>>> print(open('run-v8.cif').read())   # mmCIF, C-alpha atoms and all ligand atoms
data_protein
loop_
_atom_site.label_atom_id
_atom_site.label_comp_id
_atom_site.auth_asym_id
_atom_site.auth_seq_id
_atom_site.Cartn_x
_atom_site.Cartn_y
_atom_site.Cartn_z
CA MET A 30 79.65 108.79 91.45
CA GLN A 31 78.83 105.11 91.86
CA GLN A 32 78.92 103.86 95.44
CA GLN A 33 81.47 101.18 96.36
CA ARG A 34 79.74 97.82 96.99
CA TYR A 35 80.76 95.42 99.77
CA ALA A 36 79.51 91.88 100.50
CA GLN A 37 78.34 91.61 104.10
CA ILE A 38 77.27 88.46 105.94
CA THR A 39 73.76 89.22 107.18
CA GLY A 40 72.45 85.75 108.02
CA TRP A 41 73.78 82.45 109.38
CA GLY A 42 72.34 79.10 110.36
CA LYS A 43 73.32 75.50 110.93
CA TYR A 44 71.93 71.99 110.93
CA VAL A 45 73.60 69.10 112.70
CA PRO A 46 72.18 65.54 112.58
CA ASP A 47 71.00 64.05 115.89
CA LYS A 48 73.10 60.90 115.77
CA ILE A 49 76.44 61.06 117.57
CA LEU A 50 79.33 58.69 116.91
CA THR A 51 81.89 58.88 119.72
CA ASN A 52 85.51 57.74 119.66
CA HIS A 53 84.42 54.89 121.94
CA ASP A 54 81.80 53.82 119.37
CA LEU A 55 84.50 53.81 116.69
CA ALA A 56 86.77 51.72 118.90
CA ASN A 57 84.11 49.01 118.67
CA MET A 58 84.22 49.20 114.88
CA VAL A 59 87.95 49.50 114.01
CA GLU A 60 91.26 49.07 115.82
CA THR A 61 91.50 52.49 117.43
CA ASN A 62 90.92 54.13 120.80
CA ASP A 63 89.70 57.39 122.29
CA GLU A 64 93.13 58.36 123.64
CA TRP A 65 94.85 58.01 120.24
CA ILE A 66 92.16 59.97 118.41
CA VAL A 67 92.05 62.79 120.98
CA GLN A 68 95.85 63.08 121.16
CA ARG A 69 96.44 63.02 117.40
CA THR A 70 93.40 65.00 116.25
CA GLY A 71 91.49 66.64 119.13
CA ILE A 72 88.26 64.98 117.96
CA ARG A 73 86.00 63.33 120.57
CA GLN A 74 82.82 62.73 118.59
CA ARG A 75 81.14 63.51 115.29
CA HIS A 76 77.52 63.77 114.12
CA ILE A 77 76.34 61.31 111.48
CA ARG A 78 73.29 61.65 109.24
CA THR A 79 70.19 59.69 110.17
CA GLU A 80 67.65 58.21 107.77
CA LYS A 81 65.70 61.47 107.61
CA ASP A 82 68.74 63.53 106.59
CA THR A 83 69.72 64.16 102.99
CA ASN A 84 72.30 66.59 101.65
CA THR A 85 69.41 68.77 100.46
CA SER A 86 67.32 68.58 103.65
CA MET A 87 70.33 69.51 105.79
CA ALA A 88 71.28 72.41 103.50
CA VAL A 89 67.69 73.66 103.47
CA ALA A 90 67.34 73.53 107.29
CA ALA A 91 70.53 75.59 107.72
CA SER A 92 69.51 77.98 104.92
CA LYS A 93 66.06 78.67 106.40
CA GLU A 94 67.68 79.61 109.71
CA ALA A 95 70.18 81.88 107.91
CA MET A 96 67.44 83.58 105.88
CA THR A 97 65.40 84.18 109.04
CA VAL A 98 68.38 85.86 110.71
CA ALA A 99 68.92 87.99 107.57
CA GLY A 100 65.23 88.88 107.50
CA ILE A 101 64.73 87.66 103.93
CA THR A 102 62.71 84.99 102.16
CA ALA A 103 63.72 82.70 99.28
CA ASN A 104 62.15 85.25 96.89
CA ASP A 105 64.90 87.72 97.82
CA LEU A 106 67.73 85.43 96.71
CA ASP A 107 69.57 86.36 93.51
CA PHE A 108 71.84 83.32 93.50
CA ILE A 109 72.56 80.14 95.46
CA LEU A 110 75.94 78.46 95.85
CA VAL A 111 75.88 75.04 97.49
CA CYS A 112 79.40 73.98 98.42
CA THR A 113 79.51 70.22 98.78
CA SER A 114 81.21 67.05 97.55
CA SER A 115 78.37 64.79 98.70
CA SER A 116 75.29 65.93 96.77
CA ASP A 117 72.20 63.72 96.76
CA TYR A 118 72.73 62.80 93.10
CA LEU A 119 75.53 62.88 90.54
CA LEU A 120 73.09 64.91 88.47
CA PRO A 121 71.43 67.35 89.08
CA GLY A 122 73.86 69.13 91.35
CA ALA A 123 73.01 70.29 94.86
CA GLY A 124 72.38 73.86 93.65
CA SER A 125 69.19 72.79 91.89
CA THR A 126 67.89 70.46 94.62
CA VAL A 127 68.35 73.13 97.30
CA GLN A 128 66.85 75.88 95.09
CA ALA A 129 63.76 73.73 94.43
CA GLU A 130 63.26 72.83 98.09
CA LEU A 131 63.61 76.46 99.18
CA GLY A 132 61.19 77.58 96.46
CA ALA A 133 63.68 80.17 95.22
CA ALA A 134 63.47 81.56 91.70
CA CYS A 135 67.13 82.22 90.92
CA GLY A 136 70.25 80.59 89.52
CA ALA A 137 71.84 77.93 91.70
CA VAL A 138 74.96 75.86 91.36
CA GLN A 139 76.98 73.24 93.22
CA LEU A 140 80.57 74.11 93.98
CA VAL A 141 82.96 71.18 94.49
CA ALA A 142 86.20 72.19 96.20
CA GLY A 143 86.40 69.62 99.01
CA CYS A 144 86.85 71.13 102.45
CA SER A 145 87.79 74.48 100.86
CA GLY A 146 84.26 74.70 99.41
CA TRP A 147 82.75 77.44 101.59
CA ALA A 148 85.90 79.59 101.35
CA TYR A 149 85.60 79.40 97.55
CA GLY A 150 81.86 80.13 97.81
CA ALA A 151 82.37 83.17 100.02
CA ALA A 152 85.00 84.57 97.64
CA MET A 153 82.78 84.03 94.61
CA ALA A 154 79.68 85.45 96.31
CA SER A 155 81.63 88.50 97.36
CA SER A 156 82.93 89.04 93.81
CA LEU A 157 79.48 88.65 92.28
CA ILE A 158 78.09 91.20 94.74
CA GLN A 159 80.95 93.69 94.44
CA SER A 160 80.77 93.60 90.63
CA GLY A 161 77.11 94.65 90.80
CA THR A 162 75.84 91.37 89.29
CA TYR A 163 73.83 90.27 92.33
CA SER A 164 72.80 91.74 95.70
CA THR A 165 71.78 88.73 97.81
CA ILE A 166 73.49 85.35 97.67
CA LEU A 167 73.02 82.23 99.79
CA VAL A 168 76.25 80.28 100.35
CA VAL A 169 75.80 76.87 101.94
CA GLY A 170 78.45 74.40 103.12
CA VAL A 171 76.94 70.95 103.55
CA GLU A 172 78.37 67.45 103.70
CA ILE A 173 77.38 63.87 104.29
CA VAL A 174 81.01 62.74 104.41
CA SER A 175 80.00 59.55 106.24
CA HIS A 176 78.56 58.28 102.96
CA GLY A 177 82.04 58.24 101.39
CA LEU A 178 83.91 56.68 104.30
CA ASP A 179 85.18 53.15 104.70
CA TYR A 180 84.43 52.35 108.34
CA THR A 181 87.09 49.63 108.26
CA ASP A 182 89.80 52.20 107.44
CA ARG A 183 90.93 53.76 110.71
CA SER A 184 93.11 56.32 108.95
CA THR A 185 90.05 58.13 107.55
CA CYS A 186 86.84 57.12 109.34
CA ILE A 187 87.86 58.69 112.66
CA LEU A 188 88.28 62.15 111.16
CA PHE A 189 85.02 63.15 109.51
CA GLY A 190 81.41 64.01 110.39
CA ASP A 191 78.24 65.34 108.73
CA ALA A 192 76.75 68.85 109.05
CA ALA A 193 75.41 71.88 107.21
CA ALA A 194 75.88 75.61 107.70
CA ALA A 195 74.55 78.47 105.62
CA THR A 196 75.34 82.14 105.24
CA VAL A 197 73.56 85.00 103.47
CA PHE A 198 75.78 87.57 101.76
CA GLN A 199 74.18 90.93 100.95
CA VAL A 200 75.36 94.13 99.36
CA THR A 201 76.23 97.03 101.65
CA GLU A 202 77.89 100.39 101.15
CA GLU A 203 79.48 100.21 104.58
CA PRO A 204 83.19 99.26 104.15
CA SER A 205 82.96 95.79 105.68
CA GLY A 206 82.24 92.19 104.74
CA VAL A 207 84.82 90.32 102.68
CA LEU A 208 87.89 92.58 102.81
CA SER A 209 90.29 90.20 101.05
CA PHE A 210 90.54 86.61 99.88
CA GLU A 211 92.91 84.11 98.32
CA LEU A 212 92.07 80.87 96.53
CA GLY A 213 94.63 78.21 95.66
CA SER A 214 94.98 74.78 94.13
CA ASP A 215 97.86 72.33 93.87
CA GLY A 216 96.37 69.61 91.66
CA ASP A 217 99.68 67.74 91.50
CA LYS A 218 98.89 66.51 95.00
CA ALA A 219 95.35 65.39 94.08
CA LYS A 220 95.94 61.73 94.93
CA SER A 221 96.79 62.47 98.54
CA LEU A 222 93.07 62.99 99.22
CA TRP A 223 90.70 61.56 96.67
CA VAL A 224 87.95 59.13 95.73
CA PRO A 225 89.63 57.24 92.87
CA TYR A 226 86.61 55.41 91.47
CA GLY A 227 83.07 56.46 90.66
CA GLY A 228 83.81 59.28 88.20
CA SER A 229 83.75 59.00 84.41
CA SER A 230 87.48 58.23 84.23
CA GLN A 231 87.34 55.19 86.50
CA PRO A 232 83.72 54.08 86.81
CA ILE A 233 82.47 51.83 89.56
CA ASN A 234 82.22 48.12 88.87
CA GLN A 235 81.87 45.09 91.10
CA SER A 236 85.60 44.63 91.70
CA VAL A 237 85.96 48.32 92.66
CA VAL A 238 83.20 47.85 95.24
CA ASP A 239 84.69 44.57 96.47
CA GLU A 240 88.04 46.31 97.02
CA GLY A 241 86.34 49.36 98.61
CA ARG A 242 88.02 51.80 96.22
CA HIS A 243 84.90 53.95 95.87
CA PHE A 244 85.64 55.41 99.32
CA ILE A 245 87.81 58.38 100.34
CA GLU A 246 91.54 57.53 100.28
CA MET A 247 94.06 59.74 102.02
CA ASP A 248 97.77 60.07 102.65
CA GLY A 249 97.34 61.63 106.10
CA GLN A 250 100.93 62.75 106.56
CA GLU A 251 101.12 64.39 103.12
CA VAL A 252 97.89 66.32 103.82
CA PHE A 253 99.14 67.21 107.29
CA LYS A 254 102.38 68.72 105.87
CA PHE A 255 100.47 70.63 103.18
CA ALA A 256 97.92 71.97 105.68
CA SER A 257 100.43 72.99 108.35
CA LYS A 258 102.35 75.03 105.76
CA THR A 259 99.28 76.50 104.05
CA VAL A 260 97.26 77.68 107.06
CA ALA A 261 99.72 80.32 108.31
CA ALA A 262 101.09 81.28 104.89
CA SER A 263 97.70 82.01 103.32
CA LEU A 264 96.39 83.72 106.48
CA LYS A 265 99.40 86.06 106.48
CA ARG A 266 98.80 86.93 102.81
CA VAL A 267 95.06 87.71 103.14
CA ILE A 268 95.62 89.74 106.30
CA ALA A 269 98.32 91.82 104.56
CA GLN A 270 96.08 92.17 101.49
CA ALA A 271 93.36 93.64 103.75
CA GLY A 272 95.91 96.18 105.03
CA LEU A 273 95.91 94.63 108.52
CA LEU A 274 98.26 92.90 110.93
CA PRO A 275 97.58 89.52 112.59
CA ASP A 276 97.02 91.37 115.89
CA ASP A 277 94.11 93.27 114.24
CA ILE A 278 92.20 90.01 113.76
CA ASP A 279 89.65 89.38 116.52
CA LEU A 280 89.12 85.69 115.80
CA PHE A 281 90.68 83.14 113.46
CA ILE A 282 88.31 80.52 112.08
CA PRO A 283 90.39 77.69 110.63
CA HIS A 284 89.16 74.53 108.94
CA GLN A 285 88.37 72.05 111.73
CA ALA A 286 90.50 69.12 110.53
CA ASN A 287 93.02 68.56 113.29
CA ALA A 288 93.82 70.48 116.50
CA ARG A 289 97.55 70.00 115.88
CA ILE A 290 97.31 71.71 112.47
CA ILE A 291 95.39 74.61 114.05
CA GLU A 292 97.85 74.95 116.93
CA ALA A 293 100.79 74.95 114.49
CA GLY A 294 99.00 77.71 112.55
CA ALA A 295 98.60 79.78 115.72
CA ARG A 296 102.30 79.31 116.60
CA LEU A 297 103.46 80.34 113.13
CA MET A 298 101.18 83.39 113.24
CA ARG A 299 102.57 84.24 116.72
CA GLN A 300 98.99 84.45 117.98
CA PRO A 301 97.51 83.02 121.19
CA LYS A 302 95.93 79.60 120.72
CA ASP A 303 92.57 80.78 122.05
CA LYS A 304 92.25 83.28 119.18
CA PHE A 305 91.90 80.22 116.92
CA TYR A 306 88.32 78.97 117.24
CA MET A 307 87.85 75.21 117.60
CA ASN A 308 84.74 73.03 117.73
CA LEU A 309 86.23 69.93 116.12
CA ASP A 310 86.01 68.03 119.40
CA LYS A 311 82.20 67.94 118.86
CA TYR A 312 81.95 67.60 115.08
CA GLY A 313 85.23 66.34 113.60
CA ASN A 314 85.99 67.49 110.08
CA THR A 315 82.71 68.32 108.34
CA SER A 316 84.48 69.29 105.10
CA ALA A 317 82.75 72.19 103.30
CA ALA A 318 80.49 72.77 106.33
CA SER A 319 83.43 73.08 108.74
CA VAL A 320 84.35 76.79 108.49
CA PRO A 321 80.79 78.16 108.27
CA LEU A 322 79.66 75.87 111.11
CA ALA A 323 82.51 77.20 113.26
CA MET A 324 81.59 80.77 112.33
CA VAL A 325 77.91 80.23 113.16
CA GLU A 326 78.80 78.74 116.55
CA ALA A 327 81.33 81.50 117.30
CA ILE A 328 78.56 84.06 116.69
CA GLN A 329 76.01 82.10 118.72
CA GLU A 330 78.45 81.75 121.63
CA GLY A 331 79.09 85.50 121.62
CA ARG A 332 82.73 85.04 120.57
CA LEU A 333 82.06 87.43 117.67
CA LYS A 334 80.39 90.83 117.81
CA GLN A 335 79.53 93.48 115.29
CA GLY A 336 82.55 95.12 113.68
CA ASP A 337 84.86 92.20 114.51
CA LYS A 338 87.41 91.10 111.93
CA VAL A 339 87.55 87.38 111.25
CA ALA A 340 90.24 85.55 109.28
CA ILE A 341 89.09 82.22 107.87
CA VAL A 342 91.21 79.53 106.24
CA ALA A 343 90.29 76.18 104.73
CA PHE A 344 92.16 73.41 102.91
CA GLY A 345 91.28 70.06 101.46
CA ALA A 346 90.88 67.85 98.40
CA GLY A 347 92.48 69.24 95.29
CA LEU A 348 94.65 69.82 97.12
CA SER A 349 93.03 73.21 97.45
CA TRP A 350 92.87 76.06 99.91
CA GLY A 351 91.03 79.31 100.49
CA ALA A 352 91.39 82.13 103.00
CA ALA A 353 89.63 85.42 103.60
CA VAL A 354 89.36 88.34 105.99
CA ILE A 355 85.76 89.23 106.75
CA GLN A 356 84.58 92.15 108.87
CA LEU A 357 81.18 91.69 110.44
CA GLY A 358 79.06 94.77 109.82
CA ALA A 359 76.72 96.73 111.98
CA GLY A 360 74.29 93.82 111.66
CA GLU A 361 72.18 92.30 114.34
CA ILE A 362 74.65 89.84 115.77
CA SER A 363 73.72 90.31 119.39
CA LYS A 364 69.99 90.32 118.67
CA ALA A 365 69.91 87.69 115.95
CA HIS A 366 69.62 84.59 118.14
CA SER A 367 66.30 85.61 119.55
CA LEU A 368 63.23 84.41 117.74
CA PHE A 369 61.93 87.94 118.17
CA SER A 370 64.96 89.54 116.55
CA LEU A 371 64.69 92.37 114.06
CA GLY A 372 65.66 89.85 111.39
CA HIS A 373 62.77 87.58 112.34
CA ALA A 374 60.32 90.51 112.38
CA LYS A 375 61.50 91.54 108.89
CA TYR A 376 61.13 87.93 107.76
CA LEU A 377 57.56 87.71 109.11
CA ALA A 378 56.64 91.02 107.49
CA LYS A 379 57.95 89.80 104.13
CA ARG A 380 56.15 86.47 104.43
CA THR A 381 52.90 88.28 105.26
CA ARG A 382 53.31 90.63 102.29
CA GLU A 383 53.98 87.66 99.97
CA THR A 384 50.96 85.76 101.29
CA VAL A 385 48.73 88.81 100.79
CA LEU A 386 50.04 89.30 97.25
CA ASP A 387 49.61 85.58 96.45
CA THR A 388 46.04 85.63 97.76
CA ALA A 389 45.26 88.75 95.73
CA GLN A 390 46.74 87.26 92.57
CA ASN A 391 45.38 83.73 92.83
CA ILE A 392 42.00 84.20 94.53
CA ILE A 393 40.76 87.80 94.57
CA LEU A 394 41.86 88.73 91.03
CA PRO A 395 40.24 85.71 89.28
CA ILE A 396 36.97 86.27 91.21
CA ALA A 397 36.98 90.00 90.35
CA MET A 398 37.63 89.19 86.70
CA ARG A 399 34.75 86.69 86.61
CA PHE A 400 32.37 89.24 88.10
CA SER A 401 33.46 92.03 85.80
CA GLY A 402 33.06 89.59 82.84
CA LYS A 403 29.49 88.71 83.98
CA ARG A 404 28.53 92.39 84.28
CA LYS A 405 29.50 92.99 80.67
N1 LIG B 1 93.93 54.64 115.78
C1 LIG B 1 95.03 54.10 116.35
N2 LIG B 1 96.22 54.07 115.73
C2 LIG B 1 96.29 54.59 114.48
C3 LIG B 1 95.17 55.15 113.85
C4 LIG B 1 93.95 55.15 114.54
N3 LIG B 1 92.81 55.68 114.03
N4 LIG B 1 95.53 55.60 112.63
C5 LIG B 1 96.84 55.33 112.50
N5 LIG B 1 97.31 54.72 113.62
C6 LIG B 1 98.66 54.27 113.92
C7 LIG B 1 99.48 54.02 112.67
O1 LIG B 1 99.28 52.73 112.17
C8 LIG B 1 100.87 54.25 113.17
O2 LIG B 1 101.29 53.10 113.85
P1 LIG B 1 102.81 52.60 113.78
O3 LIG B 1 103.61 53.72 114.38
O4 LIG B 1 102.81 51.37 114.60
O5 LIG B 1 103.11 52.39 112.34
C9 LIG B 1 100.71 55.34 114.20
O6 LIG B 1 99.34 55.32 114.60
C10 LIG B 1 101.05 56.72 113.67
O7 LIG B 1 100.40 56.89 112.40
P2 LIG B 1 100.52 58.21 111.57
O8 LIG B 1 99.80 58.06 110.29
O9 LIG B 1 101.99 58.61 111.53
O10 LIG B 1 99.76 59.23 112.53
P3 LIG B 1 99.71 60.77 112.47
O11 LIG B 1 100.27 61.34 113.69
O12 LIG B 1 100.23 61.29 111.16
O13 LIG B 1 98.16 61.03 112.49
C11 LIG B 1 96.37 61.66 111.02
C12 LIG B 1 97.34 60.55 111.41
C13 LIG B 1 95.50 61.13 109.88
C14 LIG B 1 95.50 61.97 112.21
C15 LIG B 1 97.16 62.92 110.59
O14 LIG B 1 98.15 62.57 109.66
C16 LIG B 1 96.30 63.96 109.99
O15 LIG B 1 95.44 64.53 110.66
N6 LIG B 1 96.52 64.33 108.71
C17 LIG B 1 95.73 65.32 108.04
C18 LIG B 1 94.46 64.69 107.57
C19 LIG B 1 93.39 65.69 107.25
O16 LIG B 1 93.26 66.69 107.88
N7 LIG B 1 92.62 65.35 106.22
C20 LIG B 1 91.52 66.12 105.81
C21 LIG B 1 91.96 67.35 105.13
S1 LIG B 1 90.60 68.27 104.58
#
>>> encode(input="run-v8.cif", output="structure tokens")
Amino acid sequence: MQQQRYAQITGWGKYVPDKILTNHDLANMVETNDEWIVQRTGIRQRHIRTEKDTNTSMAVAASKEAMTVAGITANDLDFILVCTSSSDYLLPGAGSTVQAELGAACGAVQLVAGCSGWAYGAAMASSLIQSGTYSTILVVGVEIVSHGLDYTDRSTCILFGDAAAATVFQVTEEPSGVLSFELGSDGDKAKSLWVPYGGSSQPINQSVVDEGRHFIEMDGQEVFKFASKTVAASLKRVIAQAGLLPDDIDLFIPHQANARIIEAGARLMRQPKDKFYMNLDKYGNTSAASVPLAMVEAIQEGRLKQGDKVAIVAFGAGLSWGAAVIQLGAGEISKAHSLFSLGHAKYLAKRTRETVLDTAQNIILPIAMRFSGKRK
């Protein structure tokens, strides 16, 4: 009988740019203030890309860390999903630029689902693994949102930041990993969070740039209503689908958009506020990187341990949403932060094996062939 396949998270990593933009910095740029931003959103600062950071370089830095924790190299990857709406180029997509930089030899694609990106990526990776198509998939959430922001528009520029976080999903027979998921889209509300110009329908021209319509535009209250309703409703559905109750969830990892949306979600779920992880005070909304970044930090802070059940939920442009229940397996969570973890040892062993094989193939074999040719 064929064994049941599950998609387990075995590696995680993050990259956050060095530059910090505080609420006080923003108050010098637009008519806003720290008190308003903290009260209405919970955000105190965000990280912004520096000159050395590109969408690809940030994704690759996070991915290398995740692969080290998983104890794999790029050669082990069967597929790469890069969830982002801020790729380096319009074409090629971020899948290809990240695949090339990692030196992987597998299919790779960019997934554009706004802030729901990583939730969509996790669901798709899990399905590809459970179906038997692939065994090891890298799912990255990465954004340079700052590139698409109008820093004269106080209704948007205070909310977002830049970051990358990566996760490795691998097949396991242990009943764990992604236990359930839900993906949704309400395209009728697309214009409440969009970039109207710059696509093929409404290309950029000088007057578009002069009017600043190539930036993100948002109806904050419409998105707020949508999000407050969606967070609890979709969490309840995925938890029930996994055969669990909200009390069975060890930690909720919601999209880090606004503390008030998260607190409303906790109230509607009748769960204590501190079961809903928050790091938005440090990073703001990092779009597709938000949920995986929160998960990576929750693991690194010891808020998650092996066997824990996590419920994640994201929402964003589309308007779209995604939720999932994920059980962490008997991995190496407690050991994984150490450079001398089992994962790192496995990684070093693999790298050594690959180097030996490369040397044999590229140096020893040609020399041996030349000598054997001469002897004849
Ligand atoms: N600083 C100071 N004042 C501001 C401000 C800012 N950055 N932005 C708006 N204001 C003012 C408004 O002009 C308004 O003033 P008025 O009462 O004199 O007209 C007042 O603050 C209230 O504005 P409002 O838009 O009603 O605030 P809000 O409580 O709805 O908060 C958001 C605005 C954007 C923080 C909130 O709607 C939100 O978080 N929405 C969801 C957005 C989101 O998560 N998007 C990403 C999804 S992936």
>>> closest_atom_pairs(input="run-v8.cif", of="segment 233-329 of chain A", to="segment 101-124 of chain A", cutoff="12 Å", atoms="all atoms listed in the file", output="CSV")
residue,atom,partner,partner_atom,distance
A:Phe244,CA,A:Ser115,CA,11.9
A:Ile245,CA,A:Ser114,CA,11.2
A:Thr315,CA,A:Thr113,CA,10.3
A:Ser316,CA,A:Thr113,CA,8.1
A:Ala317,CA,A:Thr113,CA,5.9
A:Ala318,CA,A:Thr113,CA,8.0
A:Ser319,CA,A:Thr113,CA,11.1
A:Val320,CA,A:Cys112,CA,11.6
A:Pro321,CA,A:Cys112,CA,10.8
>>> residues_near_ligand(input="run-v8.cif", ligand="ligand LIG 1 (chain B)", cutoff="8 Å", atoms="all atoms listed in the file", output="VMD selection string")
chain A and resid 59 to 62 65 to 66 69 to 70 143 to 145 183 to 188 222 247 to 254 256 284 286 to 287 289 to 290 314 316 343 to 346
>>> residues_near_point(input="run-v8.cif", point="(94.4, 91.7, 105.1)", cutoff="7 Å", atoms="all atoms listed in the file", output="compact mmCIF listing (two decimals) with C-alpha atoms, in the coordinates of the input")
# COMPACT_ATOMS: atom_id res chain seq x y z
CA LEU A 208 87.89 92.58 102.81
CA SER A 209 90.29 90.20 101.05
CA ARG A 266 98.80 86.93 102.81
CA VAL A 267 95.06 87.71 103.14
CA ILE A 268 95.62 89.74 106.30
CA ALA A 269 98.32 91.82 104.56
CA GLN A 270 96.08 92.17 101.49
CA ALA A 271 93.36 93.64 103.75
CA GLY A 272 95.91 96.18 105.03
CA LEU A 273 95.91 94.63 108.52
CA VAL A 354 89.36 88.34 105.99
>>> closest_residue(input="run-v8.cif", among="A:Gln356, A:Gln235, A:Ser92, A:Gln31", to="Glu203 of chain A", atoms="all atoms listed in the file")
A:Gln356
>>> closest_residue(input="run-v8.cif", among="A:Ile233, A:Gly241, A:Gly206, A:Ala195", to="Asp337 of chain A", atoms="only C-alpha atoms")
A:Gly206
>>> residues_around(input="run-v8.cif", residues="Val174 of chain A", least_positions_apart="2", cutoff="8 Å", atoms="all atoms listed in the file", output="PyMOL selection string")
chain A and resi 115+172+176-178+189-191+315-316
>>> closest_residue(input="run-v8.cif", among="A:Pro232, A:Pro275, A:Gly71, A:Gly347", to="Phe255 of chain A", atoms="all atoms listed in the file")
A:Gly347
>>> residues_around(input="run-v8.cif", residues="Thr51 of chain A", least_positions_apart="3", cutoff="8 Å", atoms="all atoms listed in the file", output="ChimeraX atom specification")
/A:54-55,73-75
>>> closest_residue(input="run-v8.cif", among="A:Ile282, A:Val169, A:Ala137, A:Ala295", to="Val197 of chain A", atoms="all atoms listed in the file")
A:Val169
>>> closest_residue(input="run-v8.cif", among="A:Ile341, A:Leu50, A:Val171, A:Leu348", to="Ala91 of chain A", atoms="all atoms listed in the file")
A:Val171
>>> closest_residue(input="run-v8.cif", among="A:Met87, A:Gln32, A:Ala193, A:Lys311", to="Trp147 of chain A", atoms="all atoms listed in the file")
A:Ala193
>>> atom_distance(input="run-v8.cif", atom1="atom CA of Ala95 of chain A", atom2="atom CA of Val127 of chain A")
13.9 Å
>>> atom_distance(input="run-v8.cif", atom1="atom CA of Gly42 of chain A", atom2="atom CA of Tyr149 of chain A")
18.4 Å
>>> atom_distance(input="run-v8.cif", atom1="atom CA of Gln33 of chain A", atom2="atom CA of Gly358 of chain A")
15.1 Å
>>> axis_aligned_box(input="run-v8.cif", around="segment 192-200 of chain A", padding_each_side="8 Å", output="JSON")
{"center_x": 75.2, "center_y": 81.5, "center_z": 104.2, "size_x": 19.2, "size_y": 41.3, "size_z": 25.7}
>>> residues_around(input="run-v8.cif", residues="Ile38 of chain A", least_positions_apart="6", cutoff="10 Å", atoms="all atoms listed in the file", output="list in words")
Ala95, Ala99, Ala151, Ser155, Thr165, Ile166, Leu167, Val168, Thr196, Val197, Phe198, Gln199, Val200, Thr201, Ser205, Gly206, Val207, Ile355, Gln356, Leu357, Gly358 and Gly360 of chain A
